[in-house]
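Okay, so here's the structure we're looking at.
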Amino acid sequence: MDTEMTFFCADDTFLFLLNFSVLPFVLLPQDAISTLNTLQVYAATLKELQSKRHLQLKTMRGFLERAGLTVDELDRLNIIHVTGTKGKGSTCAFTEQILRNYGFRTGFFSSPHLVQVTERIRINGQPIGKELFTKYFWQIYRRLDETKDAHGGTMPTYFGILTILAFHIFLQEKVDLAVVEVGIGGAYDNTNIIRRPWVCGISFLDIDHTDILGDTIKQIAWHKAGIFKPGVPAFTIRQPEGAMRVLEERAKEIGCPLWVCPQLEDYQAECGPLHLGLAGQHQRSNASLALQLSHTWLQMRGLPDNRFPCSTVNNGGMLQATGFIPSPVMVKGLADTEWPGRSQTLKHGAVTYFLDGAHTLHSIQACSEWFRETAAQHERNASGPVARVLLFNVTGERDAAAFLKLLVPCHFDFAVFCPCITEVGTSSNADYKKFDMSVEEMLTRCWDNERIWRLHNHLDDNGDNPLLIEDRLPSLPEHRGDTLVFPCIFSALQWITQGRETVLADQAKMTLPVKPSFTAKAAPLREASEIHVLITGSLYLVGGALKHLATASSK
């Protein structure tokens with residue numbers, strides 16, 4: 001383990017290790033961010049926290065009251081509450097954009113963030129400003145700190161205080177509604193202190209966070225359905241059979257009317273097929289869910305649209321929502337939606353980045369299909385040969401071998417692997433990244449992923465393990481045909497782009513000394529007219545890449 005102090009950062013009760021020497025916090029006023037980080041907990045408390053999840057909502061209500069808020073006040077936020085394994089953030093983004101286009105002042109709470117913690121709390125689609133974040137953070141933190149001695153010294157987790165902070169900001173900024181994305185699960189998630197949301201939604205359910213939610217789709221569905229409230233309308237996309245039964249049973253137990261969303265093709269837009277601002281076929285179900293959520297919210301707000309027919313019919317005991325004619329505002333909202341790091345394409349001159357934080361089997365499959373289709377469209381317009389590069393990493397206990405197998409049909413010319421470390425040996429301004437092992441262990445996992453990729457592609461393995469970066473870090477495998485391992489995201493992107501990315505070529509940044517043999521083997525990249533880079537496997541990897549590419553994107 002590194003000599004630097006390493007902590008677990010609690011995002012809900014799913015904990016992340018944080019290495020301060022690699023990723024110091026400099027984007028926000030240092031005192032506020034440093035204090036926020038004191039709410040991280042040591043790894044030894046992980047099991048204890050998970051064993052008390054059933055008490056989390058009671059504890060969270062206590063923290064809310066100590067911060068000067070009440071559950072009753074949250075009712076004024078007219079909340080749309082959304083959970084799911086994949087697509088819940090995209091669904092929230094579609095929904096928020098639609099309702100903002102109607103002229104409402106929106107709040108949007110999501111997690112995790114990609115580059116800056118302020119991304120988690122948005123007003124009218126924009127991350128809260130640094131000054132407002134600092135102002136409101138201190139208001140909440142000081143109230144909690146002043147009362148902790150009377151409550152056994154307890155303080156909220158990292159995710160817990162951010163949840164309270166989001167509610168506080170939305171109330172102070174007088175939003176008309178708040179779109180709230182669940183952190184993990186639903187039943188015991190910190191956001192589930194919400195008592196009277198206006199409408200709830202469930203996006204696609206898949207196997208993830210098994211250490212917290214269970215390892216079967218039925219167990220996961222039980223947790224997700226925990227956001228249902230008596231008499232509050234809820235919508236779900238069509239789920240796997242086992243999950244659908246659990247959702248229906250939980251809805252009946254709770255007394256929550258539950259509808260299944262129609263296909264996007266069932267909405268008869270006057271302008272023809274609906275265009276989505278987010279790419280990929282998998283976004284179509286998210287868009288349908290967003291249409292039902294925004295439609296229901298508008299009806300409850302008292303803004304009926306004569307073109308909205310009754311949206312429910314009985315289908316063998318399960319309510320089936322029907323398609324309707326989306327208003328021009330809705331159509332524009334779907335088309336205007338942006339959600340960074342999810343099926344996102346950035347073209348920087350000769351280099352095009354395809355970024356998708358997919359981290360489940362289903363989402364990796366969707367990512368693979370999206371990349372093949374989108375990259376092929378770009379290649380048809382290229383003036384010469386195009387080099388395809390994969391930049392990949394996974395975190396946690398996810399099945400890297402299964403993920404990589406799904407990416408083989410993309411036919412990459414190079415596969416590059418690196419940890420979710422933005423830079424090595426210099427300051428980084430990413431607010432945090434996920435660290436659940438030492439740097440050496442992370443590099444070993446990258447090495448394992450490289451070997452898996454070679455097996456999937458039937459490449460020879462000569463067993464040589466010379467250093468990739470001279471005189472730096474532990475020994476790493478050499479490039480053997482089409483694979484490489486780098487110690488950080490910055491060095492990987494530098495090698496992939498071969499000087500074509502101005503920001504990455506900035507000599508003010510640290511440049512790691514790459515072996516001459518690796519420079520020579522990059523000849524296909526230098527000779528290509530364009531380079532297409534798919535970055536996937538982890539939102540933390542995508543966030544680290546966006547941190548480096550943000551300056552270029554703004555030019």
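Simple scheme: letters A, B, ... for chains in structure tokens order, numbers from 1 for residues in each chain, numbers from 1 for ligands in the order shown.
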Item to check | DSSP strand (DSSP E) residues within range 215-366 of chain A, listed as a list in words | outcome: Ala234, Phe235, Thr236, Leu258, Trp259, Val260, Thr312, Val313, Asn314, Asn315, Met318, Leu319, Gln320, Ala321, Gln344, Thr345, Leu346, Lys347, His348, Val351, Thr352, Tyr353, Phe354, Leu355 and Asp356 of chain A
Please provide the set of residues having any atom within 12 Å of Asp266 in chain A, restricted to only C-alpha atoms, with same-chain residues fewer than 5 positions apart removed, written as a CSV table (one decimal) with all heavy atoms, in the first residue's frame.
chain,number,residue,atom,x,y,z
A,261,CYS,N,-43.8,1.5,-19.2
A,261,CYS,CA,-43.7,2.5,-20.3
A,261,CYS,C,-43.8,1.8,-21.7
A,261,CYS,O,-43.3,0.7,-21.9
A,261,CYS,CB,-42.4,3.2,-20.3
A,261,CYS,SG,-42.2,4.2,-18.8
A,272,GLY,N,-42.5,13.7,-36.9
A,272,GLY,CA,-41.9,12.5,-37.4
A,272,GLY,C,-41.2,11.8,-36.2
A,272,GLY,O,-41.4,12.0,-35.1
A,273,PRO,N,-40.2,10.9,-36.6
A,273,PRO,CA,-39.5,10.2,-35.5
A,273,PRO,C,-38.8,11.1,-34.5
A,273,PRO,O,-38.3,12.2,-34.9
A,273,PRO,CB,-38.4,9.4,-36.3
A,273,PRO,CG,-39.0,9.2,-37.7
A,273,PRO,CD,-39.8,10.5,-37.9
A,274,LEU,N,-38.8,10.8,-33.2
A,274,LEU,CA,-38.2,11.6,-32.2
A,274,LEU,C,-36.7,11.5,-32.3
A,274,LEU,O,-36.1,10.4,-32.5
A,274,LEU,CB,-38.7,11.1,-30.8
A,274,LEU,CG,-40.2,11.4,-30.5
A,274,LEU,CD1,-40.6,10.6,-29.2
A,274,LEU,CD2,-40.5,12.8,-30.4
A,284,ARG,N,-33.4,4.9,-25.9
A,284,ARG,CA,-34.8,5.0,-26.3
A,284,ARG,C,-35.8,4.7,-25.2
A,284,ARG,O,-36.8,5.3,-25.0
A,284,ARG,CB,-35.1,4.2,-27.6
A,284,ARG,CG,-34.3,4.6,-28.8
A,284,ARG,CD,-34.5,3.7,-30.0
A,284,ARG,NE,-35.9,3.9,-30.5
A,284,ARG,CZ,-36.2,5.0,-31.3
A,284,ARG,NH1,-35.3,5.9,-31.6
A,284,ARG,NH2,-37.4,5.1,-31.8
A,285,SER,N,-35.4,3.7,-24.4
A,285,SER,CA,-36.3,3.3,-23.2
A,285,SER,C,-36.2,4.4,-22.2
A,285,SER,O,-37.2,4.7,-21.5
A,285,SER,CB,-35.9,1.9,-22.7
A,285,SER,OG,-34.6,1.9,-22.2
A,287,ALA,N,-35.7,7.5,-22.7
A,287,ALA,CA,-36.5,8.7,-23.2
A,287,ALA,C,-38.0,8.4,-23.0
A,287,ALA,O,-38.7,9.4,-22.7
A,287,ALA,CB,-36.2,8.9,-24.7
A,288,SER,N,-38.5,7.2,-23.2
A,288,SER,CA,-39.9,6.9,-23.0
A,288,SER,C,-40.2,7.1,-21.5
A,288,SER,O,-41.3,7.7,-21.2
A,288,SER,CB,-40.2,5.5,-23.5
A,288,SER,OG,-41.5,5.1,-23.2
A,291,LEU,N,-40.5,10.8,-20.8
A,291,LEU,CA,-41.7,11.3,-21.3
A,291,LEU,C,-42.9,11.1,-20.3
A,291,LEU,O,-43.7,11.9,-20.1
A,291,LEU,CB,-42.1,10.8,-22.7
A,291,LEU,CG,-41.2,11.3,-23.9
A,291,LEU,CD1,-41.5,10.5,-25.1
A,291,LEU,CD2,-41.5,12.8,-24.1
A,311,SER,N,-53.5,7.9,-20.2
A,311,SER,CA,-52.2,7.2,-20.4
A,311,SER,C,-52.1,5.8,-19.8
A,311,SER,O,-51.1,5.3,-19.6
A,311,SER,CB,-51.0,8.0,-20.0
A,311,SER,OG,-51.1,8.3,-18.6
A,321,ALA,N,-48.8,1.9,-19.7
A,321,ALA,CA,-48.9,3.3,-20.1
A,321,ALA,C,-49.0,3.3,-21.7
A,321,ALA,O,-48.4,2.5,-22.3
A,321,ALA,CB,-47.7,4.1,-19.7
A,322,THR,N,-49.7,4.2,-22.2
A,322,THR,CA,-49.8,4.3,-23.6
A,322,THR,C,-49.0,5.5,-24.1
A,322,THR,O,-48.7,6.5,-23.4
A,322,THR,CB,-51.3,4.5,-24.1
A,322,THR,OG1,-51.8,5.7,-23.5
A,322,THR,CG2,-52.2,3.4,-23.6
A,323,GLY,N,-48.7,5.4,-25.4
A,323,GLY,CA,-48.0,6.6,-26.0
A,323,GLY,C,-48.9,7.7,-26.2
A,323,GLY,O,-50.1,7.6,-26.2
A,324,PHE,N,-48.4,8.9,-26.4
A,324,PHE,CA,-49.2,10.1,-26.6
A,324,PHE,C,-48.5,11.0,-27.6
A,324,PHE,O,-47.3,10.6,-28.0
A,324,PHE,CB,-49.5,10.9,-25.3
A,324,PHE,CG,-48.3,11.2,-24.5
A,324,PHE,CD1,-47.5,12.3,-24.8
A,324,PHE,CD2,-47.9,10.4,-23.4
A,324,PHE,CE1,-46.4,12.6,-24.0
A,324,PHE,CE2,-46.8,10.7,-22.7
A,324,PHE,CZ,-46.0,11.8,-23.0
A,325,ILE,N,-49.0,12.0,-28.0
A,325,ILE,CA,-48.4,13.0,-28.9
A,325,ILE,C,-47.5,14.0,-28.1
A,325,ILE,O,-48.1,14.8,-27.4
A,325,ILE,CB,-49.4,13.7,-29.8
A,325,ILE,CG1,-50.2,12.8,-30.6
A,325,ILE,CG2,-48.7,14.7,-30.7
A,325,ILE,CD1,-51.4,13.4,-31.4
A,326,PRO,N,-46.2,13.8,-28.1
A,326,PRO,CA,-45.4,14.7,-27.3
A,326,PRO,C,-45.6,16.2,-27.8
A,326,PRO,O,-45.6,16.4,-29.0
A,326,PRO,CB,-44.0,14.2,-27.5
A,326,PRO,CG,-44.1,12.8,-28.1
A,326,PRO,CD,-45.4,12.8,-28.8
Checklist outcome for this item: Using only C-alpha atoms, the shortest atom-to-atom distance to Ala93 in chain A among A:Gly231, A:Gly333, A:Gly201, A:Gly153 belongs to A:Gly333
Checklist entry - Can you list, as a count of residues only, every protein, DNA or RNA residue that comes within 12 Å of Thr497 in chain A when you count only C-alpha atoms, leaving out same-chain residues fewer than 3 positions away? => result 35
Checklist entry - What is the CA of Phe414 in chain A-CA of Ile496 in chain A distance in Å, reported with one decimal? => result 8.9 Å
Next on the checklist: Just to confirm, what's the straight-line distance from CA of Val485 in chain A to CA of Leu546 in chain A in Å (one decimal)?
Outcome noted: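 About the pair CA of Val485 in chain A and CA of Leu546 in chain A: they are 19.5 Å apart.
Restricting the calculation to only C-alpha atoms, the smallest distance between Arg301 in chain A and any of A:Trp198, A:Asp336, A:Tyr136, A:Asp482 is found for A:Trp198.
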